[in-house]
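What follows is the content of protein39.cif (mmCIF, C-alpha atoms).
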```cif
data_model
loop_
_atom_site.group_PDB
_atom_site.id
_atom_site.type_symbol
_atom_site.label_atom_id
_atom_site.label_comp_id
_atom_site.auth_asym_id
_atom_site.auth_seq_id
_atom_site.Cartn_x
_atom_site.Cartn_y
_atom_site.Cartn_z
ATOM 1 C CA MET T 1 -12.132 -58.372 5.966
ATOM 2 C CA PRO T 2 -15.085 -60.146 7.586
ATOM 3 C CA LEU T 3 -17.517 -57.949 9.493
ATOM 4 C CA PRO T 4 -19.195 -60.246 12.028
ATOM 5 C CA PHE T 5 -21.533 -57.552 13.351
ATOM 6 C CA LEU T 6 -23.247 -57.430 9.944
ATOM 7 C CA THR T 7 -24.124 -61.129 10.110
ATOM 8 C CA ALA T 8 -25.567 -60.981 13.624
ATOM 9 C CA ASP T 9 -29.057 -62.086 12.669
ATOM 10 C CA ARG T 10 -28.119 -64.428 9.849
ATOM 11 C CA ALA T 11 -30.455 -67.041 11.287
ATOM 12 C CA PHE T 12 -33.389 -64.775 10.512
ATOM 13 C CA ASP T 13 -32.305 -64.375 6.890
ATOM 14 C CA ALA T 14 -33.010 -68.065 6.391
ATOM 15 C CA THR T 15 -36.442 -69.585 6.284
ATOM 16 C CA ASP T 16 -38.304 -70.087 9.541
ATOM 17 C CA ASP T 17 -37.572 -73.817 9.457
ATOM 18 C CA GLU T 18 -33.832 -73.174 9.421
ATOM 19 C CA ALA T 19 -33.801 -70.309 11.924
ATOM 20 C CA ALA T 20 -32.611 -71.060 15.415
ATOM 21 C CA ALA T 21 -32.930 -68.874 18.479
ATOM 22 C CA LEU T 22 -29.255 -69.365 19.348
ATOM 23 C CA PRO T 23 -27.620 -69.537 15.896
ATOM 24 C CA PHE T 24 -23.974 -69.355 16.958
ATOM 25 C CA ASP T 25 -21.684 -72.275 17.684
ATOM 26 C CA ASP T 26 -19.600 -70.493 20.313
ATOM 27 C CA HIS T 27 -21.941 -69.257 23.037
ATOM 28 C CA ASP T 28 -19.033 -67.995 25.176
ATOM 29 C CA GLN T 29 -18.399 -65.017 22.874
ATOM 30 C CA TRP T 30 -20.373 -61.831 23.390
ATOM 31 C CA ARG T 31 -22.732 -61.355 20.431
ATOM 32 C CA ARG T 32 -25.224 -58.696 19.454
ATOM 33 C CA PRO T 33 -28.375 -60.625 18.441
ATOM 34 C CA TYR T 34 -29.346 -58.026 15.825
ATOM 35 C CA ARG T 35 -27.796 -55.806 13.200
ATOM 36 C CA PRO T 36 -26.992 -52.191 13.988
ATOM 37 C CA GLY T 37 -29.772 -49.965 12.716
ATOM 38 C CA PRO T 38 -29.505 -47.560 9.787
ATOM 39 C CA TRP T 39 -29.616 -44.474 12.029
ATOM 40 C CA ARG T 40 -26.659 -45.690 14.063
ATOM 41 C CA VAL T 41 -24.660 -46.732 10.989
ATOM 42 C CA ALA T 42 -25.420 -43.423 9.229
ATOM 43 C CA ALA T 43 -24.251 -41.403 12.242
ATOM 44 C CA ALA T 44 -21.028 -43.428 12.467
ATOM 45 C CA ALA T 45 -20.452 -43.049 8.723
ATOM 46 C CA MET T 46 -20.866 -39.283 8.984
ATOM 47 C CA LEU T 47 -18.375 -39.179 11.851
ATOM 48 C CA LEU T 48 -15.879 -41.245 9.860
ATOM 49 C CA LEU T 49 -16.346 -38.914 6.885
ATOM 50 C CA LEU T 50 -15.628 -35.959 9.164
ATOM 51 C CA ALA T 51 -12.543 -37.757 10.486
ATOM 52 C CA SER T 52 -11.243 -38.280 6.953
ATOM 53 C CA TYR T 53 -11.450 -34.538 6.281
ATOM 54 C CA VAL T 54 -9.687 -33.776 9.554
ATOM 55 C CA LEU T 55 -6.949 -36.291 8.683
ATOM 56 C CA LEU T 56 -6.538 -34.693 5.257
ATOM 57 C CA ALA T 57 -6.228 -31.303 6.934
ATOM 58 C CA ALA T 58 -3.664 -32.755 9.350
ATOM 59 C CA VAL T 59 -1.546 -34.063 6.463
ATOM 60 C CA ILE T 60 -1.684 -30.699 4.687
ATOM 61 C CA ILE T 61 -0.721 -28.894 7.905
ATOM 62 C CA LEU T 62 2.104 -31.387 8.471
ATOM 63 C CA PHE T 63 3.506 -30.808 4.977
ATOM 64 C CA ALA T 64 3.277 -27.068 5.590
ATOM 65 C CA GLY T 65 5.652 -27.549 8.503
ATOM 66 C CA ALA T 66 3.402 -26.794 11.476
ATOM 67 C CA LEU T 67 3.928 -29.895 13.610
ATOM 68 C CA PRO T 68 1.894 -28.726 16.673
ATOM 69 C CA GLY T 69 -1.150 -27.919 14.494
ATOM 70 C CA ALA T 70 -0.887 -31.267 12.717
ATOM 71 C CA SER T 71 -0.660 -33.057 16.078
ATOM 72 C CA VAL T 72 -3.847 -31.354 17.249
ATOM 73 C CA CYS T 73 -5.628 -32.357 14.032
ATOM 74 C CA PHE T 74 -4.446 -35.966 14.336
ATOM 75 C CA GLY T 75 -5.673 -36.016 17.948
ATOM 76 C CA ILE T 76 -9.088 -34.655 16.935
ATOM 77 C CA ALA T 77 -9.347 -37.231 14.136
ATOM 78 C CA ALA T 78 -8.457 -40.048 16.552
ATOM 79 C CA LEU T 79 -11.129 -38.825 18.978
ATOM 80 C CA VAL T 80 -13.765 -38.682 16.205
ATOM 81 C CA ILE T 81 -12.837 -42.196 15.000
ATOM 82 C CA ALA T 82 -13.025 -43.557 18.557
ATOM 83 C CA THR T 83 -16.440 -41.916 18.958
ATOM 84 C CA ALA T 84 -17.714 -43.513 15.733
ATOM 85 C CA LEU T 85 -16.470 -46.954 16.785
ATOM 86 C CA ARG T 86 -18.015 -46.632 20.239
ATOM 87 C CA LEU T 87 -21.292 -45.543 18.644
ATOM 88 C CA LEU T 88 -21.314 -48.793 16.654
ATOM 89 C CA ARG T 89 -20.697 -50.845 19.834
ATOM 90 C CA ILE T 90 -23.737 -49.452 21.666
ATOM 91 C CA GLY T 91 -26.487 -52.013 22.221
ATOM 92 C CA THR T 92 -27.343 -55.266 23.930
ATOM 93 C CA TRP T 93 -24.903 -58.175 23.809
ATOM 94 C CA VAL T 94 -25.538 -61.732 24.993
ATOM 95 C CA SER T 95 -23.415 -64.765 25.791
ATOM 96 C CA ARG T 96 -23.562 -67.840 27.949
ATOM 97 C CA HIS T 97 -22.284 -65.709 30.830
ATOM 98 C CA GLY T 98 -25.063 -63.121 30.833
ATOM 99 C CA VAL T 99 -26.436 -60.066 29.109
ATOM 100 C CA ARG T 100 -24.482 -56.855 28.594
ATOM 101 C CA ARG T 101 -25.972 -53.413 27.987
ATOM 102 C CA VAL T 102 -23.338 -51.230 26.318
ATOM 103 C CA GLY T 103 -23.923 -47.489 26.479
ATOM 104 C CA PHE T 104 -21.811 -44.688 25.091
ATOM 105 C CA LEU T 105 -19.927 -44.061 28.342
ATOM 106 C CA SER T 106 -20.822 -47.078 30.484
ATOM 107 C CA THR T 107 -21.394 -50.818 30.272
ATOM 108 C CA THR T 108 -23.613 -52.917 32.525
ATOM 109 C CA THR T 109 -23.210 -56.695 32.641
ATOM 110 C CA VAL T 110 -25.764 -58.895 34.385
ATOM 111 C CA PRO T 111 -25.020 -62.611 34.803
ATOM 112 C CA TRP T 112 -27.905 -64.912 33.895
ATOM 113 C CA GLY T 113 -28.015 -66.083 37.505
ATOM 114 C CA ARG T 114 -29.103 -62.597 38.645
ATOM 115 C CA VAL T 115 -31.840 -62.238 36.007
ATOM 116 C CA ALA T 116 -35.353 -62.678 37.366
ATOM 117 C CA GLU T 117 -37.276 -61.993 34.152
ATOM 118 C CA VAL T 118 -36.950 -60.691 30.606
ATOM 119 C CA ARG T 119 -40.165 -59.286 29.150
ATOM 120 C CA THR T 120 -41.497 -56.870 26.542
ATOM 121 C CA LEU T 121 -43.693 -53.989 27.726
ATOM 122 C CA GLN T 122 -45.594 -51.053 26.256
ATOM 123 C CA GLN T 123 -44.496 -47.838 27.957
ATOM 124 C CA PRO T 124 -43.133 -44.362 27.217
ATOM 125 C CA VAL T 125 -39.604 -44.680 25.787
ATOM 126 C CA ARG T 126 -36.987 -42.167 24.730
ATOM 127 C CA TRP T 127 -36.955 -41.388 21.010
ATOM 128 C CA LEU T 128 -33.425 -41.916 19.569
ATOM 129 C CA GLY T 129 -32.028 -41.538 23.088
ATOM 130 C CA LEU T 130 -33.173 -37.913 23.314
ATOM 131 C CA PRO T 131 -35.148 -36.520 26.277
ATOM 132 C CA ARG T 132 -38.417 -36.609 24.284
ATOM 133 C CA THR T 133 -40.523 -39.676 25.126
ATOM 134 C CA VAL T 134 -43.068 -41.426 22.934
ATOM 135 C CA GLN T 135 -45.217 -44.513 23.434
ATOM 136 C CA GLY T 136 -43.317 -47.619 22.388
ATOM 137 C CA GLN T 137 -42.109 -51.078 23.299
ATOM 138 C CA VAL T 138 -39.204 -51.883 25.561
ATOM 139 C CA LEU T 139 -37.449 -55.161 26.305
ATOM 140 C CA LEU T 140 -36.963 -55.007 30.041
ATOM 141 C CA LEU T 141 -34.597 -57.118 32.109
ATOM 142 C CA VAL T 142 -35.652 -57.451 35.747
ATOM 143 C CA ARG T 143 -32.814 -58.310 38.115
ATOM 144 C CA GLU T 144 -33.248 -60.380 41.277
ATOM 145 C CA GLY T 145 -33.180 -57.227 43.391
ATOM 146 C CA GLY T 146 -36.153 -55.927 41.434
ATOM 147 C CA GLU T 147 -34.307 -53.169 39.607
ATOM 148 C CA PRO T 148 -35.295 -53.071 35.906
ATOM 149 C CA LEU T 149 -32.788 -52.513 33.109
ATOM 150 C CA PRO T 150 -34.133 -51.536 29.664
ATOM 151 C CA LEU T 151 -32.239 -53.558 27.061
ATOM 152 C CA LEU T 152 -33.911 -52.534 23.792
ATOM 153 C CA THR T 153 -36.583 -50.079 22.687
ATOM 154 C CA ASP T 154 -38.357 -49.900 19.369
ATOM 155 C CA ARG T 155 -37.576 -46.166 19.150
ATOM 156 C CA ASN T 156 -33.781 -46.262 19.480
ATOM 157 C CA ALA T 157 -31.262 -45.881 16.662
ATOM 158 C CA ASP T 158 -31.275 -49.622 15.938
ATOM 159 C CA PHE T 159 -35.024 -50.201 15.579
ATOM 160 C CA LEU T 160 -36.674 -46.912 14.582
ATOM 161 C CA SER T 161 -39.162 -47.803 11.803
ATOM 162 C CA ARG T 162 -38.066 -51.465 11.974
ATOM 163 C CA VAL T 163 -40.746 -53.134 14.091
ATOM 164 C CA GLU T 164 -40.022 -56.632 12.750
ATOM 165 C CA ALA T 165 -36.331 -56.300 13.611
ATOM 166 C CA PHE T 166 -37.220 -55.244 17.167
ATOM 167 C CA ASP T 167 -39.537 -58.237 17.548
ATOM 168 C CA ARG T 168 -36.839 -60.633 16.288
ATOM 169 C CA ALA T 169 -34.187 -59.110 18.570
ATOM 170 C CA ALA T 170 -36.486 -59.205 21.603
ATOM 171 C CA ASP T 171 -37.420 -62.831 20.866
ATOM 172 C CA THR T 172 -33.746 -63.746 20.494
ATOM 173 C CA VAL T 173 -32.726 -62.139 23.792
ATOM 174 C CA GLU T 174 -35.667 -63.849 25.497
ATOM 175 C CA ALA T 175 -34.528 -67.176 23.985
ATOM 176 C CA TRP T 176 -31.002 -66.650 25.343
ATOM 177 C CA ALA T 177 -32.521 -65.893 28.740
ATOM 178 C CA ALA T 178 -34.696 -69.008 28.603
ATOM 179 C CA GLU T 179 -31.663 -71.119 27.679
ATOM 180 C CA TYR T 180 -29.162 -69.855 30.254
ATOM 181 C CA ARG T 181 -31.179 -68.279 33.079
ATOM 182 C CA PRO T 182 -31.658 -70.641 35.995
ATOM 183 C CA ALA T 183 -35.178 -71.097 37.301
ATOM 184 C CA PHE T 184 -36.011 -68.136 39.525
ATOM 185 C CA THR T 185 -38.033 -68.699 42.658
ATOM 186 C CA PRO T 186 -39.063 -65.526 44.546
#
```

Show this structure as structure tokens.
Amino acid sequence: MPLPFLTADRAFDATDDEAAALPFDDHDQWRRPYRPGPWRVAAAAMLLLLASYVLLAAVIILFAGALPGASVCFGIAALVIATALRLLRIGTWVSRHGVRRVGFLSTTTVPWGRVAEVRTLQQPVRWLGLPRTVQGQVLLLVREGGEPLPLLTDRNADFLSRVEAFDRAADTVEAWAAEYRPAFTP
């Protein structure tokens, strides 16, 4: 089974001469311009491991004849699996239509026509999404109304201890913005 999210930055695996800022043929599909980080994949793998144990328990309870208990276990396993899959979907996605910031419980889509600027800044950022802040880099999207939207940080679960990957992802999102964002005149 092909896993397209693992080949998201395949253009950067090639030499610099072969790498393109927009490596995909179909720019209408939503794409994550980077691979999910090891912290995010490890958390999802642990959740899926937990779900497998809960499913095994549900099967044992079902064979024991307690249908309500097995139903509860199957429901818990389905919730844990859905959580793991949503955790893998978190991040920044781009297409010809705009940029999409997918969070755990919410998704924000900004069309390229409403984007005033995409830039990288040094500022305090949240470490792994926790309340603790540390000094780091953030890729910030500024909308026409002036309201900023942080797209990527170098201290989140995708880029912690992977500075080069953050730089490549930020450059790629900026390239998508340069390609599809109309000229903004304040």

Evaluate the PyMOL selection byres ((chain T and resi 27) around 6) against this structure - the residues, as a PDB file with C-alpha atoms, in the frame of the given file, please.
```pdb
ATOM      1  CA  ASP T  26     -19.600 -70.493  20.313  1.00  0.00           C
ATOM      2  CA  ASP T  28     -19.033 -67.995  25.176  1.00  0.00           C
ATOM      3  CA  GLN T  29     -18.399 -65.017  22.874  1.00  0.00           C
ATOM      4  CA  SER T  95     -23.415 -64.765  25.791  1.00  0.00           C
ATOM      5  CA  ARG T  96     -23.562 -67.840  27.949  1.00  0.00           C
TER       6      ARG T  96
END
```

At a cut-off of 6 Å, using only C-alpha atoms, what residues contact segment 137-152 of chain T? Leave out same-chain residues fewer than 5 positions from it and give the result as an NGL selection string.
:T and (114-122)

Since I can't run it myself right now, could you work out what the PyMOL selection byres ((chain T and resi 73) around 10) selects here and report it as a short mmCIF file (atom, residue, chain, number, x, y, z; two decimals) with C-alpha atoms, keeping the file's coordinate frame?
```cif
data_model
loop_
_atom_site.label_atom_id
_atom_site.label_comp_id
_atom_site.auth_asym_id
_atom_site.auth_seq_id
_atom_site.Cartn_x
_atom_site.Cartn_y
_atom_site.Cartn_z
CA ALA T 51 -12.54 -37.76 10.49
CA TYR T 53 -11.45 -34.54 6.28
CA VAL T 54 -9.69 -33.78 9.55
CA LEU T 55 -6.95 -36.29 8.68
CA LEU T 56 -6.54 -34.69 5.26
CA ALA T 57 -6.23 -31.30 6.93
CA ALA T 58 -3.66 -32.76 9.35
CA VAL T 59 -1.55 -34.06 6.46
CA ILE T 61 -0.72 -28.89 7.90
CA LEU T 62 2.10 -31.39 8.47
CA LEU T 67 3.93 -29.90 13.61
CA PRO T 68 1.89 -28.73 16.67
CA GLY T 69 -1.15 -27.92 14.49
CA ALA T 70 -0.89 -31.27 12.72
CA SER T 71 -0.66 -33.06 16.08
CA VAL T 72 -3.85 -31.35 17.25
CA PHE T 74 -4.45 -35.97 14.34
CA GLY T 75 -5.67 -36.02 17.95
CA ILE T 76 -9.09 -34.66 16.93
CA ALA T 77 -9.35 -37.23 14.14
CA ALA T 78 -8.46 -40.05 16.55
CA LEU T 79 -11.13 -38.83 18.98
#
```

Take the PyMOL selection byres ((chain T and resi 161-164) around 12), apply it to the structure above, and return the hits as a list in words.
Phe12, Tyr34, Arg35, Pro36, Gly37, Pro38, Trp39, Trp127, Leu128, Gly136, Gln137, Val138, Leu152, Thr153, Asp154, Arg155, Asn156, Ala157, Asp158, Phe159, Leu160, Ala165, Phe166, Asp167, Arg168, Ala169, Ala170 and Asp171 of chain T

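Picture a line from atom CA of Gln135 of chain T to atom CA of Pro111 of chain T; it runs 29.4 Å.
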
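Proximity to Trp30 of chain T was assessed for T:Val110, T:Leu105, T:Val94, T:Val134 counting only C-alpha atoms; the smallest distance is recorded for T:Val94.
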
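Distance check against Pro33 of chain T using all atoms listed in the file: of T:Trp112, T:Phe63, T:Trp93, T:Phe104, the minimum falls on T:Trp93.
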
Rounded to one decimal in Å, what is the spacing between atom CA of Val173 of chain T and atom CA of Ala42 of chain T?
24.8 Å
